[in-house]
Structures are given as structure tokens and as C-alpha cells.
Amino acid sequence: MKRSFSLRGRRPLLLVASGTALIAATYGLVRLAYGLFLPDVQAELSLSASAAGLISSGASAAYCAAALASFLLAARAPHLFAALATVTAAGGALGMALAADGGVFAASAILASSGAGFASPALVELLHRTVKKEHVGRMQGVVNAGTGPGLVAAGLLALVLLPDWRLAWTLAAGASIVAGGLVIASTWRGTTATTARPDAAPRLAPVPPRSWFRQHLPVIAAALFLGAGSAAVWTFGRTALVDAGASQELSAGAWIALGVGGAAVIASAGRLQKLTSRRAWLMTSLPVAAATVLLGTSAGVWPLAFAACIAFGWGYTAGTGVLIWWTTRLDPTRAPAGTALLFVVLVLGQALGSALVGQAIELVGIPGSFIASALLVVIGILAASKQPAASSPARASDAPPAQVSRTAGADAAAHRPRTAHPPA
């Protein structure tokens, strides 16, 4: 019987589905939903704007710490990091739901954000061990696009439940537990020590060599500027809508539109993955820049604002998928480490961008600040176009998978992973 995606048995399909759900929960329902529910949380717990900002900064720091730990260790123990993603996201979300004061809420929000940092690198490694290598890139794009459905779910919860934000966080905790449990169950027997890919982390140094970092310089710069430029929409997009007269229903609807755009990546992941890394980066970053300008200058025109949110959601989510493919093409043996590093840089860029655009809004207003943010994304496109002075694997990274296998150097070919498959 011919199986979908040419995967072996049901475990890979279950991993792709549950991995998508885990990304939806840890990113869309937990980490990125903080700003969506924040106004109602502030009203009940008497959180000041400065306190809310500090919580957001702490959450970003927790995410980065979790991703850095994954950078060093996820390839060695992906099941452990999938479990950590589940426990921290669910425990933090439940803590927020039960918080009686701002202090407990702050600690829980910071803990919850680390779940996303643990999740992505672990899923990269589990997919490499479980899915046939010719389909890994496409399936990784599908899993990474889980952010979109998570944002849609968060927006729907806001429409239906607010001002009952506690129930929303409780449901987010439950979703994290179910998704994480399915990820672990779908791979536990299929990715043991005997079936792990032969180039797995036990034979690699914990920290990559300098040549690895040199090869990654263009994509690191691209991730930094995308994070900085996208912060305007993620942090102040709803503010722009409210300032333009949007009701709570309209602003929540815009959040759903962001998620719809992100979910559309599932349909386009296969085509994007056939492009070179730099071409795919251009195709995904330009919509982010254009949507940022459109939302900042036309927030009061609802059809344009919603179109901007859809385009932004697609471009940003697809762009994060390109980051994963890019580092995998550079060095497939360190795909989890590369994913963790690039996502840390992305979040650091967002933290920096939020601070800068917040100051800029006070000086030049929302339209000028959003235009400046879009220019940062364009700078990231230019940075990504630079060729690193590196060996043949770095040059091959600009090629789609079929070309990489033909153009990579002998050393890269010798270390290319042979994906293990679970029994049917």
C-alpha cells in the first residue's frame, strides 16, 4: 500500500501531526498569546505597563536560555527536551491560570516561555531520526508552521472566553500536555540509541568549530534583523489597531488573521523548500516588510489591515522555517544546534526591536516606526545575500536538497545523516 509522503509506518505521520500541535501550543497558545491576553490580566492583577514589559523581557530571556541548552544538548537527548518543552509550557500556563497575584503570574509566564525554546530543536532532531531524508525539509516546514494554527486558536479563545483569561491559559496547558505526550509516544520506540542517526551528537563536540560559525554568519545576520524588524507587529500591532479605533473583536480577529497566514505555510512548505536558501529568504522576508509598512500606515482600513496580518503571518512563519532549512543545508549533522542558535538570535532581535520601536513611537509615531522596522527586515535580506568565505558545504547551502547532494564537498557527503526509520 502506497503511504502518504512515502513515510514508513504510522509513527512518522503521528510525529508530524503531534509535532505541529506541540509548536502550536508552545508558540501560538503560550508564548505569543501573552500580549493577546495581557490587557485583561493587567485589569485583574493590577499589573503596570512597566511590570508587563519586564515580564515580557524575562520570558524572552527564559526562551533564550532554553534554546541555548538545546543548542548544546538536544541532539543527544531529544526526548528529554521534548518532555521539558511539555512540562515547562504546560506548568507555566497552568501557573498563570491559577495566579493570585502579579508575582506568581510573572514567574509562571517566564517559565512557560521556555517551553518554545526547548521544543523546536528537539523536534528537528526527532524528525531527522524518523522521517526519510528526502522528506525531512518539507515535513519540518509543516511542523514549524504550527505557530499559525496556535495563533488562530489563541484568537478564537480570546473571542469566546475573554475576559476569562484563566480558562484560556488552562486550555493552553492541556493542549501542551496532549501534544507533547503524543510526540514522545510516537517516537519512543522508533528512535532509540540503536536507531539514532550515525552522526548523532555523541560523536560531535558540544560547541561547533569556528568554521561552522563563519558559514552561518549571513543567516545569523538575517535572523537578527528579521527578529528586530518583526517586533513592531508582534509587540505593537494590536496597539496600532486599537489606536485606529478597532474594537476588541476586530483586534482579536486580526490576531486570527496572523494565524491564518502562518497556517498557510503548511500548503506552501513543499514549494519553498525547493528554492535556494537565499531565494526562499527573499520570498518570505519581503511580505514581512511590506505587511509591516501596510499595518503601520493603514491600520484604520480594516481590509488592508487584515490583509497585512495574513501576509505578515505567512512571511514570518515561513521565514522561521527557512532558517531551519538553511542551517540544515549548511551542516545536517548539527541541525538542532543550528536551529537553537538561530532562534535565540531571532528572539534577541525581537527584544532589541521592541525596545527601539517603543522609543521611536514616542518620537515619530506608529507609521514612521513601522516603516523603520520594515527597513530592518530589508537590511536582513541584504545581509542574507552575502556569501561567506567558507568551504564547499557553505556554498552548497544555497542549493535545494537535490542540488546539495551533488555539490557538497566530500567531507560533507561523508557525514550526511542516514535517517533511521521505526518499524512499521
# chains A, B, ... in the order shown; residues from 1 in each chain; ligands from 1
>>> residues_around(residues="range 361-374 of chain A", least_positions_apart="2", cutoff="6 Å", atoms="only C-alpha atoms", output="list of chain:residue names")
A:Gly229, A:Ala289, A:Thr292, A:Val293, A:Gly296, A:Thr297, A:Val357, A:Gly358, A:Gln359, A:Leu376, A:Val377
>>> residues_around(residues="range 120-125 of chain A", least_positions_apart="5", cutoff="8 Å", atoms="only C-alpha atoms", output="ChimeraX atom specification")
/A:19,23,67,70-71,74-75,77-79,81-82,140,144,335-337,339-340
>>> closest_residue(among="A:Ala231, A:Gln248, A:Trp169, A:Thr328", to="Val41 in chain A", atoms="only C-alpha atoms")
A:Trp169
>>> residues_around(residues="Ala158 in chain A", least_positions_apart="4", cutoff="8 Å", atoms="only C-alpha atoms", output="PyMOL selection string")
chain A and resi 36-37+154+162-163+165+168+252
>>> closest_residue(among="A:Leu45, A:Leu29, A:Val219, A:Leu272", to="Gly141 in chain A", atoms="only C-alpha atoms")
A:Leu272
>>> residues_around(residues="range 108-118 of chain A", least_positions_apart="5", cutoff="6 Å", atoms="only C-alpha atoms", output="list of chain:residue names")
A:Thr26, A:Tyr27, A:Arg31, A:Gly58, A:Ala59, A:Ala62, A:Tyr63, A:Ala66, A:Ala67, A:Phe81, A:Ala85, A:Thr88, A:Ala89, A:Gly92, A:Ala93, A:Gly95, A:Met96
>>> write_last_selection(atoms="N, CA and C atoms", output="CSV table (one decimal), in the first residue's frame")
chain,number,residue,atom,x,y,z
A,26,THR,N,3.1,25.5,22.2
A,26,THR,CA,4.2,26.2,22.9
A,26,THR,C,4.4,27.6,22.4
A,27,TYR,N,4.3,27.8,21.1
A,27,TYR,CA,4.4,29.1,20.5
A,27,TYR,C,3.1,29.9,20.4
A,31,ARG,N,3.5,31.1,24.3
A,31,ARG,CA,4.5,32.2,24.2
A,31,ARG,C,3.9,33.5,23.6
A,58,GLY,N,11.7,39.0,30.7
A,58,GLY,CA,12.1,37.8,31.4
A,58,GLY,C,11.7,36.6,30.6
A,59,ALA,N,10.5,36.6,29.9
A,59,ALA,CA,10.1,35.5,29.1
A,59,ALA,C,11.0,35.3,27.9
A,62,ALA,N,14.2,33.6,29.3
A,62,ALA,CA,13.9,32.2,29.5
A,62,ALA,C,13.9,31.4,28.2
A,63,TYR,N,13.3,32.0,27.2
A,63,TYR,CA,13.3,31.3,25.9
A,63,TYR,C,14.7,31.1,25.4
A,66,ALA,N,16.6,28.4,27.4
A,66,ALA,CA,16.2,27.1,27.0
A,66,ALA,C,16.7,26.7,25.6
A,67,ALA,N,16.7,27.6,24.7
A,67,ALA,CA,17.2,27.3,23.3
A,67,ALA,C,18.8,27.1,23.4
A,81,PHE,N,14.3,16.8,25.9
A,81,PHE,CA,14.0,18.2,25.6
A,81,PHE,C,12.5,18.3,25.1
A,85,ALA,N,10.0,20.7,27.1
A,85,ALA,CA,9.1,21.6,26.4
A,85,ALA,C,7.6,21.5,26.9
A,88,THR,N,7.4,22.5,30.9
A,88,THR,CA,7.5,24.0,31.2
A,88,THR,C,6.4,24.8,30.6
A,89,ALA,N,6.0,24.5,29.3
A,89,ALA,CA,4.9,25.2,28.7
A,89,ALA,C,3.6,24.9,29.5
A,92,GLY,N,3.8,26.3,33.2
A,92,GLY,CA,3.8,27.8,33.2
A,92,GLY,C,2.4,28.3,32.9
A,93,ALA,N,1.7,27.7,31.9
A,93,ALA,CA,0.4,28.2,31.5
A,93,ALA,C,-0.6,27.9,32.7
A,95,GLY,N,0.2,27.7,35.9
A,95,GLY,CA,0.6,28.7,36.9
A,95,GLY,C,0.0,30.0,36.6
A,96,MET,N,0.0,30.5,35.4
A,96,MET,CA,-0.7,31.7,35.0
A,96,MET,C,-2.2,31.7,35.3
>>> residues_around(residues="Gly349 in chain A", least_positions_apart="6", cutoff="6 Å", atoms="only C-alpha atoms", output="PyMOL selection string")
chain A and resi 224+227-228
>>> select_by_dssp(residues="range 31-223 of chain A", states="alpha helix (DSSP H)", output="NGL selection string")
:A and (34-45 or 49-73 or 78-98 or 102-130 or 136-144 or 147-161 or 165-187 or 210-215 or 217-223)
>>> residues_around(residues="Ala99 in chain A", least_positions_apart="5", cutoff="9 Å", atoms="only C-alpha atoms", output="PyMOL selection string")
chain A and resi 45+94+104-106+108+166
>>> write_last_selection(atoms="N, CA and C atoms", output="compact mmCIF listing (two decimals), in the first residue's frame")
# COMPACT_ATOMS: atom_id res chain seq x y z
N LEU A 45 -5.09 41.73 37.84
CA LEU A 45 -3.97 41.60 38.77
C LEU A 45 -3.26 42.92 39.04
N LEU A 94 -0.46 26.74 33.34
CA LEU A 94 -1.35 26.45 34.46
C LEU A 94 -1.06 27.39 35.62
N VAL A 104 3.32 35.68 41.12
CA VAL A 104 3.14 34.30 40.66
C VAL A 104 2.91 34.27 39.15
N PHE A 105 2.12 35.22 38.68
CA PHE A 105 1.86 35.28 37.24
C PHE A 105 3.16 35.50 36.47
N ALA A 106 4.01 36.42 36.94
CA ALA A 106 5.27 36.72 36.27
C ALA A 106 6.17 35.49 36.20
N SER A 108 5.35 32.38 36.39
CA SER A 108 4.74 31.36 35.54
C SER A 108 4.88 31.70 34.07
N ARG A 166 -8.20 33.13 32.54
CA ARG A 166 -7.72 31.97 33.30
C ARG A 166 -8.09 30.66 32.61
>>> residues_around(residues="Ala351 in chain A", least_positions_apart="4", cutoff="10 Å", atoms="only C-alpha atoms", output="PyMOL selection string")
chain A and resi 56-57+60-61+227-228+231+235+345-347+355-356
>>> closest_residue(among="A:Leu54, A:Met283, A:Ala83, A:Ala97", to="Ala172 in chain A", atoms="only C-alpha atoms")
A:Ala97
>>> atom_distance(atom1="CA of Ala244 in chain A", atom2="CA of Leu258 in chain A")
18.0 Å
>>> atom_distance(atom1="CA of Ala222 in chain A", atom2="CA of Gly146 in chain A")
21.8 Å
>>> closest_residue(among="A:Thr147, A:Gln350, A:Ser230, A:Ser251", to="Ala299 in chain A", atoms="only C-alpha atoms")
A:Ser251
